[in-house]
Structures are given as C-alpha cells and as structure tokens.
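Novice: So here's model.pdb, just PDB, C-alpha atoms:
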```
ATOM      1  CA  MET A   1      21.252  13.569  14.176  1.00  0.00           C
ATOM      2  CA  THR A   2      18.337  13.509  16.586  1.00  0.00           C
ATOM      3  CA  ARG A   3      16.110  15.335  14.123  1.00  0.00           C
ATOM      4  CA  TYR A   4      17.192  13.009  11.301  1.00  0.00           C
ATOM      5  CA  THR A   5      16.495  10.014  13.562  1.00  0.00           C
ATOM      6  CA  PHE A   6      13.024  11.307  14.393  1.00  0.00           C
ATOM      7  CA  TRP A   7      12.131  11.927  10.736  1.00  0.00           C
ATOM      8  CA  LEU A   8      13.497   8.561   9.666  1.00  0.00           C
ATOM      9  CA  GLY A   9      11.126   7.097  12.245  1.00  0.00           C
ATOM     10  CA  ILE A  10       8.182   9.024  10.848  1.00  0.00           C
ATOM     11  CA  THR A  11       9.086   7.952   7.297  1.00  0.00           C
ATOM     12  CA  LEU A  12       9.500   4.271   8.198  1.00  0.00           C
ATOM     13  CA  THR A  13       6.249   4.297  10.153  1.00  0.00           C
ATOM     14  CA  ALA A  14       4.435   5.738   7.143  1.00  0.00           C
ATOM     15  CA  LEU A  15       6.163   3.202   4.883  1.00  0.00           C
ATOM     16  CA  GLY A  16       4.959   0.357   7.086  1.00  0.00           C
ATOM     17  CA  ILE A  17       1.389   1.625   7.141  1.00  0.00           C
ATOM     18  CA  ILE A  18       1.389   2.151   3.377  1.00  0.00           C
ATOM     19  CA  GLY A  19       2.882  -1.318   2.893  1.00  0.00           C
ATOM     20  CA  TYR A  20       0.278  -2.903   5.129  1.00  0.00           C
ATOM     21  CA  ALA A  21      -2.593  -1.109   3.411  1.00  0.00           C
ATOM     22  CA  GLY A  22      -1.104  -1.788  -0.018  1.00  0.00           C
ATOM     23  CA  SER A  23      -0.878  -5.499   0.701  1.00  0.00           C
ATOM     24  CA  GLY A  24      -4.583  -5.584   1.509  1.00  0.00           C
ATOM     25  CA  ALA A  25      -3.823  -5.835   5.240  1.00  0.00           C
ATOM     26  CA  GLU A  26      -3.017  -9.504   4.717  1.00  0.00           C
ATOM     27  CA  SER A  27       0.399  -9.749   6.331  1.00  0.00           C
ATOM     28  CA  ILE A  28       1.599  -8.290   9.607  1.00  0.00           C
ATOM     29  CA  THR A  29       5.157  -8.422   8.232  1.00  0.00           C
ATOM     30  CA  ALA A  30       4.279  -5.451   6.029  1.00  0.00           C
ATOM     31  CA  LEU A  31       4.300  -3.418   9.262  1.00  0.00           C
ATOM     32  CA  ILE A  32       7.951  -4.205  10.034  1.00  0.00           C
ATOM     33  CA  PRO A  33       9.132  -0.764   8.820  1.00  0.00           C
ATOM     34  CA  ALA A  34       6.550   0.827  11.133  1.00  0.00           C
ATOM     35  CA  PHE A  35       7.868  -1.145  14.112  1.00  0.00           C
ATOM     36  CA  PHE A  36      11.381   0.080  13.328  1.00  0.00           C
ATOM     37  CA  GLY A  37      10.005   3.572  12.786  1.00  0.00           C
ATOM     38  CA  ILE A  38       8.401   3.739  16.201  1.00  0.00           C
ATOM     39  CA  VAL A  39      11.698   2.837  17.852  1.00  0.00           C
ATOM     40  CA  PHE A  40      13.528   5.475  15.777  1.00  0.00           C
ATOM     41  CA  ILE A  41      10.977   8.075  16.871  1.00  0.00           C
ATOM     42  CA  VAL A  42      11.554   7.193  20.536  1.00  0.00           C
ATOM     43  CA  LEU A  43      15.344   7.244  20.109  1.00  0.00           C
ATOM     44  CA  GLY A  44      15.145  10.611  18.342  1.00  0.00           C
ATOM     45  CA  ILE A  45      13.063  12.115  21.119  1.00  0.00           C
ATOM     46  CA  LEU A  46      15.239  10.689  23.894  1.00  0.00           C
ATOM     47  CA  GLY A  47      18.358  11.806  22.027  1.00  0.00           C
ATOM     48  CA  ARG A  48      17.321  15.421  22.462  1.00  0.00           C
ATOM     49  CA  LYS A  49      18.385  15.133  26.094  1.00  0.00           C
ATOM     50  CA  GLU A  50      22.078  15.989  26.185  1.00  0.00           C
ATOM     51  CA  HIS A  51      23.026  13.276  28.674  1.00  0.00           C
ATOM     52  CA  LEU A  52      21.333  10.565  26.560  1.00  0.00           C
ATOM     53  CA  ARG A  53      22.243  11.775  23.071  1.00  0.00           C
ATOM     54  CA  LYS A  54      25.398   9.727  22.516  1.00  0.00           C
ATOM     55  CA  HIS A  55      23.792   6.473  23.653  1.00  0.00           C
ATOM     56  CA  MET A  56      20.543   7.017  21.755  1.00  0.00           C
ATOM     57  CA  MET A  57      22.330   7.861  18.514  1.00  0.00           C
ATOM     58  CA  HIS A  58      24.548   4.791  18.803  1.00  0.00           C
ATOM     59  CA  ALA A  59      21.457   2.673  19.455  1.00  0.00           C
ATOM     60  CA  ALA A  60      19.789   4.239  16.409  1.00  0.00           C
ATOM     61  CA  ALA A  61      22.829   3.411  14.260  1.00  0.00           C
ATOM     62  CA  VAL A  62      22.700  -0.224  15.399  1.00  0.00           C
ATOM     63  CA  LEU A  63      18.959  -0.323  14.733  1.00  0.00           C
ATOM     64  CA  ALA A  64      19.543   1.096  11.247  1.00  0.00           C
ATOM     65  CA  LEU A  65      22.157  -1.582  10.614  1.00  0.00           C
ATOM     66  CA  LEU A  66      19.699  -4.289  11.669  1.00  0.00           C
ATOM     67  CA  GLY A  67      17.027  -2.745   9.458  1.00  0.00           C
ATOM     68  CA  PHE A  68      19.407  -2.638   6.522  1.00  0.00           C
ATOM     69  CA  VAL A  69      20.543  -6.241   6.962  1.00  0.00           C
ATOM     70  CA  GLY A  70      16.924  -7.362   7.185  1.00  0.00           C
ATOM     71  CA  SER A  71      15.788  -5.492   4.101  1.00  0.00           C
ATOM     72  CA  VAL A  72      18.795  -5.511   1.770  1.00  0.00           C
ATOM     73  CA  ARG A  73      17.618  -8.611  -0.062  1.00  0.00           C
ATOM     74  CA  GLY A  74      14.799  -6.457  -1.409  1.00  0.00           C
ATOM     75  CA  LEU A  75      17.364  -4.562  -3.473  1.00  0.00           C
ATOM     76  CA  SER A  76      18.532  -7.677  -5.289  1.00  0.00           C
ATOM     77  CA  SER A  77      14.921  -8.690  -5.866  1.00  0.00           C
ATOM     78  CA  LEU A  78      14.209  -5.203  -7.192  1.00  0.00           C
ATOM     79  CA  VAL A  79      17.034  -5.521  -9.718  1.00  0.00           C
ATOM     80  CA  THR A  80      15.641  -8.899 -10.759  1.00  0.00           C
ATOM     81  CA  MET A  81      12.166  -7.424 -11.083  1.00  0.00           C
ATOM     82  CA  LEU A  82      13.433  -4.482 -13.135  1.00  0.00           C
ATOM     83  CA  GLY A  83      15.138  -7.031 -15.384  1.00  0.00           C
ATOM     84  CA  GLY A  84      11.725  -8.327 -16.381  1.00  0.00           C
ATOM     85  CA  VAL A  85      11.259 -11.269 -14.027  1.00  0.00           C
ATOM     86  CA  GLN A  86       7.797 -11.567 -12.506  1.00  0.00           C
ATOM     87  CA  LEU A  87       7.912 -11.734  -8.705  1.00  0.00           C
ATOM     88  CA  ALA A  88       5.249 -13.146  -6.432  1.00  0.00           C
ATOM     89  CA  ARG A  89       5.111  -9.960  -4.315  1.00  0.00           C
ATOM     90  CA  PRO A  90       6.501  -6.979  -6.251  1.00  0.00           C
ATOM     91  CA  PHE A  91       4.995  -4.440  -3.825  1.00  0.00           C
ATOM     92  CA  ALA A  92       6.824  -6.082  -0.909  1.00  0.00           C
ATOM     93  CA  THR A  93      10.051  -5.939  -2.906  1.00  0.00           C
ATOM     94  CA  VAL A  94       9.649  -2.207  -3.443  1.00  0.00           C
ATOM     95  CA  MET A  95       8.865  -1.625   0.248  1.00  0.00           C
ATOM     96  CA  GLN A  96      11.925  -3.649   1.338  1.00  0.00           C
ATOM     97  CA  SER A  97      14.098  -1.747  -1.114  1.00  0.00           C
ATOM     98  CA  VAL A  98      12.919   1.619   0.168  1.00  0.00           C
ATOM     99  CA  MET A  99      13.645   0.552   3.748  1.00  0.00           C
ATOM    100  CA  ALA A 100      17.107  -0.680   2.737  1.00  0.00           C
ATOM    101  CA  ILE A 101      17.933   2.614   1.028  1.00  0.00           C
ATOM    102  CA  LEU A 102      16.636   4.729   3.923  1.00  0.00           C
ATOM    103  CA  THR A 103      18.505   2.754   6.573  1.00  0.00           C
ATOM    104  CA  LEU A 104      21.719   2.704   4.521  1.00  0.00           C
ATOM    105  CA  ALA A 105      21.548   6.482   4.117  1.00  0.00           C
ATOM    106  CA  TYR A 106      21.050   6.791   7.877  1.00  0.00           C
ATOM    107  CA  ILE A 107      24.059   4.556   8.596  1.00  0.00           C
ATOM    108  CA  ILE A 108      26.255   6.664   6.333  1.00  0.00           C
ATOM    109  CA  ALA A 109      25.060   9.893   7.974  1.00  0.00           C
ATOM    110  CA  ALA A 110      25.534   8.411  11.455  1.00  0.00           C
ATOM    111  CA  VAL A 111      29.094   7.295  10.760  1.00  0.00           C
ATOM    112  CA  LYS A 112      29.918  10.731   9.371  1.00  0.00           C
ATOM    113  CA  SER A 113      28.377  12.357  12.431  1.00  0.00           C
ATOM    114  CA  PHE A 114      30.339  10.101  14.794  1.00  0.00           C
ATOM    115  CA  VAL A 115      33.601  10.852  12.975  1.00  0.00           C
ATOM    116  CA  ASP A 116      32.882  14.593  13.009  1.00  0.00           C
ATOM    117  CA  ALA A 117      32.106  14.468  16.745  1.00  0.00           C
ATOM    118  CA  ARG A 118      35.360  12.611  17.427  1.00  0.00           C
ATOM    119  CA  ARG A 119      37.327  15.170  15.430  1.00  0.00           C
ATOM    120  CA  GLN A 120      35.609  17.988  17.301  1.00  0.00           C
ATOM    121  CA  GLN A 121      36.626  16.429  20.640  1.00  0.00           C
ATOM    122  CA  ARG A 122      40.252  16.328  19.531  1.00  0.00           C
ATOM    123  CA  THR A 123      40.292  20.039  18.673  1.00  0.00           C
ATOM    124  CA  ASP A 124      38.683  21.098  21.953  1.00  0.00           C
TER
END
```
Would you write out, as structure tokens, the structure that this file holds?
Specialist:
Amino acid sequence: MTRYTFWLGITLTALGIIGYAGSGAESITALIPAFFGIVFIVLGILGRKEHLRKHMMHAAAVLALLGFVGSVRGLSSLVTMLGGVQLARPFATVMQSVMAILTLAYIIAAVKSFVDARRQQRTD
C-alpha cells in the first residue's frame, strides 16, 4: 500500500497543478488535489518504515475518505453536465470527479489491504 499511496500522491499533485493551470491560475482551490497529494506522498514515504507503516496507512485511508467526501459532489455535477446542462465551471467538475474516483479507489484498496492483513495475523 505504501507504493500505491505514494503514486496516488503524485497523481493528485499533478491533478491539482493541471487544474490550477487549466483554470487560468484564477483560484487557489484548484490546487486542493495537490495539497492532498503532497500529504499522500509524505505518508507513502513514511509508511516504508516498518514501525510506522500501520499508522501511516491508516492516516492515508482517513485522508482519502476526507478527500472523497470533499469531492464527491463533483460526480453528481458531472452526471448533470453529461445530461446536457451547462455548468458554470465544467473543468472544475471534471477535476472534482477525478479526485473522487481516485480517492474512492484508494479507500477500497485500503480496506481490502487492512482485511487481508488482519486475516494474515490470524493465520500466523
């Protein structure tokens, strides 16, 4: 999971930078994915240390949950936009939707990893 955490961080950081540049560098909120991404990168790096791994991966799962909750409304706006409704900021909707999908995928992978680790402990 540490590698996945690190690469999610890289991806979110790139998403934030692309979002900021794509919005004409008008709104600092376009960098929100990058702020999350930087924290994921740090958690992924720290999680490589065996004694910190469990705590860093749990922190990353909580961070992913916060990121998902904060960006999930982009998915409903995306559906509305795909239905033909004109939105004020369609690019922001797409960026939010991508963040929601990435963080949801991470949450699912994290839960699976936690369950697998628990099962492994029981067999040891």
Novice: Got a sec: who's within 6 Å of range 1-14 of chain A, counting all atoms listed in the file, leaving out chain neighbours fewer than 3 positions off, as a ChimeraX atom specification?
Specialist: /A:17,33-34,37-38,40-41,44,47
Novice: CA of Ser23 in chain A and CA of Val69 in chain A are how many Å apart?
Specialist: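 CA of Val69 in chain A lies 22.3 Å from CA of Ser23 in chain A.
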Novice: Can you pull out every residue within 9 Å of range 57-67 of chain A, counting only C-alpha atoms, but drop anything in the same chain fewer than 2 positions away, and send it as a PyMOL selection string?
Specialist: chain A and resi 1-2+5+33+36+39-40+43-44+47+52-55+69-72+99-100+102-104+106-107+110-111+114
Novice: So what do you get for CA of Lys49 in chain A versus CA of Ile108 in chain A, distance-wise?
Specialist: 22.9 Å
Novice: Expand the PyMOL selection byres ((chain A and resi 75-85) around 9) into the individual residues it matches in the shown file, reporting them as a list in words.
Specialist: Ser71, Val72, Arg73, Gly74, Gln86, Leu87, Pro90, Thr93, Val94, Gln96, Ser97, Val98, Ala100 and Ile101 of chain A
Novice: Padding of 6 Å on every side, edges along x, y and z, all listed atoms of range 85-92 of chain A included: what centre and edge lengths in Å, to one decimal, does that box have, as lines of an AutoDock Vina configuration file?
Specialist:
```
center_x = 8.1
center_y = -8.8
center_z = -7.5
size_x = 18.3
size_y = 20.7
size_z = 25.1
```
Novice: For the atom pair CA of Gly19 in chain A and CA of Leu31 in chain A, what is the interatomic distance in Å to one decimal place?
Specialist: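 Between CA of Gly19 in chain A and CA of Leu31 in chain A the gap works out to 6.9 Å.
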Novice: Output range 21-46 of chain A as a CSV table (one decimal), in the coordinates of the input, making sure N, CA and C atoms are there.
Specialist:
```csv
chain,number,residue,atom,x,y,z
A,21,ALA,N,-1.4,-1.4,4.1
A,21,ALA,CA,-2.6,-1.1,3.4
A,21,ALA,C,-2.5,-1.6,2.0
A,22,GLY,N,-1.3,-1.4,1.4
A,22,GLY,CA,-1.1,-1.8,0.0
A,22,GLY,C,-1.1,-3.3,-0.2
A,23,SER,N,-0.9,-4.0,0.8
A,23,SER,CA,-0.9,-5.5,0.7
A,23,SER,C,-2.3,-6.0,1.0
A,24,GLY,N,-3.2,-5.2,1.2
A,24,GLY,CA,-4.6,-5.6,1.5
A,24,GLY,C,-4.7,-6.0,3.0
A,25,ALA,N,-3.8,-5.5,3.8
A,25,ALA,CA,-3.8,-5.8,5.2
A,25,ALA,C,-3.8,-7.3,5.5
A,26,GLU,N,-3.1,-8.1,4.6
A,26,GLU,CA,-3.0,-9.5,4.7
A,26,GLU,C,-1.9,-10.0,5.6
A,27,SER,N,-0.8,-9.3,5.6
A,27,SER,CA,0.4,-9.7,6.3
A,27,SER,C,0.9,-8.7,7.3
A,28,ILE,N,1.1,-9.2,8.6
A,28,ILE,CA,1.6,-8.3,9.6
A,28,ILE,C,3.1,-7.9,9.3
A,29,THR,N,3.8,-8.7,8.5
A,29,THR,CA,5.2,-8.4,8.2
A,29,THR,C,5.3,-7.1,7.4
A,30,ALA,N,4.2,-6.7,6.8
A,30,ALA,CA,4.3,-5.5,6.0
A,30,ALA,C,4.5,-4.3,7.0
A,31,LEU,N,4.2,-4.5,8.3
A,31,LEU,CA,4.3,-3.4,9.3
A,31,LEU,C,5.7,-3.3,9.9
A,32,ILE,N,6.6,-4.2,9.5
A,32,ILE,CA,8.0,-4.2,10.0
A,32,ILE,C,8.6,-2.8,10.0
A,33,PRO,N,8.5,-2.1,8.8
A,33,PRO,CA,9.1,-0.8,8.8
A,33,PRO,C,8.5,0.2,9.9
A,34,ALA,N,7.2,0.0,10.1
A,34,ALA,CA,6.6,0.8,11.1
A,34,ALA,C,7.1,0.5,12.5
A,35,PHE,N,7.3,-0.8,12.8
A,35,PHE,CA,7.9,-1.1,14.1
A,35,PHE,C,9.2,-0.5,14.3
A,36,PHE,N,10.1,-0.6,13.3
A,36,PHE,CA,11.4,0.1,13.3
A,36,PHE,C,11.2,1.6,13.5
A,37,GLY,N,10.2,2.1,12.7
A,37,GLY,CA,10.0,3.6,12.8
A,37,GLY,C,9.6,4.1,14.2
A,38,ILE,N,8.8,3.3,14.9
A,38,ILE,CA,8.4,3.7,16.2
A,38,ILE,C,9.6,3.8,17.1
A,39,VAL,N,10.5,2.8,17.0
A,39,VAL,CA,11.7,2.8,17.9
A,39,VAL,C,12.6,4.0,17.5
A,40,PHE,N,12.7,4.3,16.2
A,40,PHE,CA,13.5,5.5,15.8
A,40,PHE,C,12.9,6.8,16.3
A,41,ILE,N,11.6,6.9,16.3
A,41,ILE,CA,11.0,8.1,16.9
A,41,ILE,C,11.3,8.2,18.3
A,42,VAL,N,11.2,7.2,19.1
A,42,VAL,CA,11.6,7.2,20.5
A,42,VAL,C,13.0,7.6,20.7
A,43,LEU,N,13.9,6.9,20.0
A,43,LEU,CA,15.3,7.2,20.1
A,43,LEU,C,15.6,8.7,19.7
A,44,GLY,N,15.0,9.2,18.7
A,44,GLY,CA,15.1,10.6,18.3
A,44,GLY,C,14.7,11.6,19.4
A,45,ILE,N,13.6,11.3,20.0
A,45,ILE,CA,13.1,12.1,21.1
A,45,ILE,C,14.0,12.0,22.3
A,46,LEU,N,14.4,10.8,22.7
A,46,LEU,CA,15.2,10.7,23.9
A,46,LEU,C,16.6,11.3,23.6
```
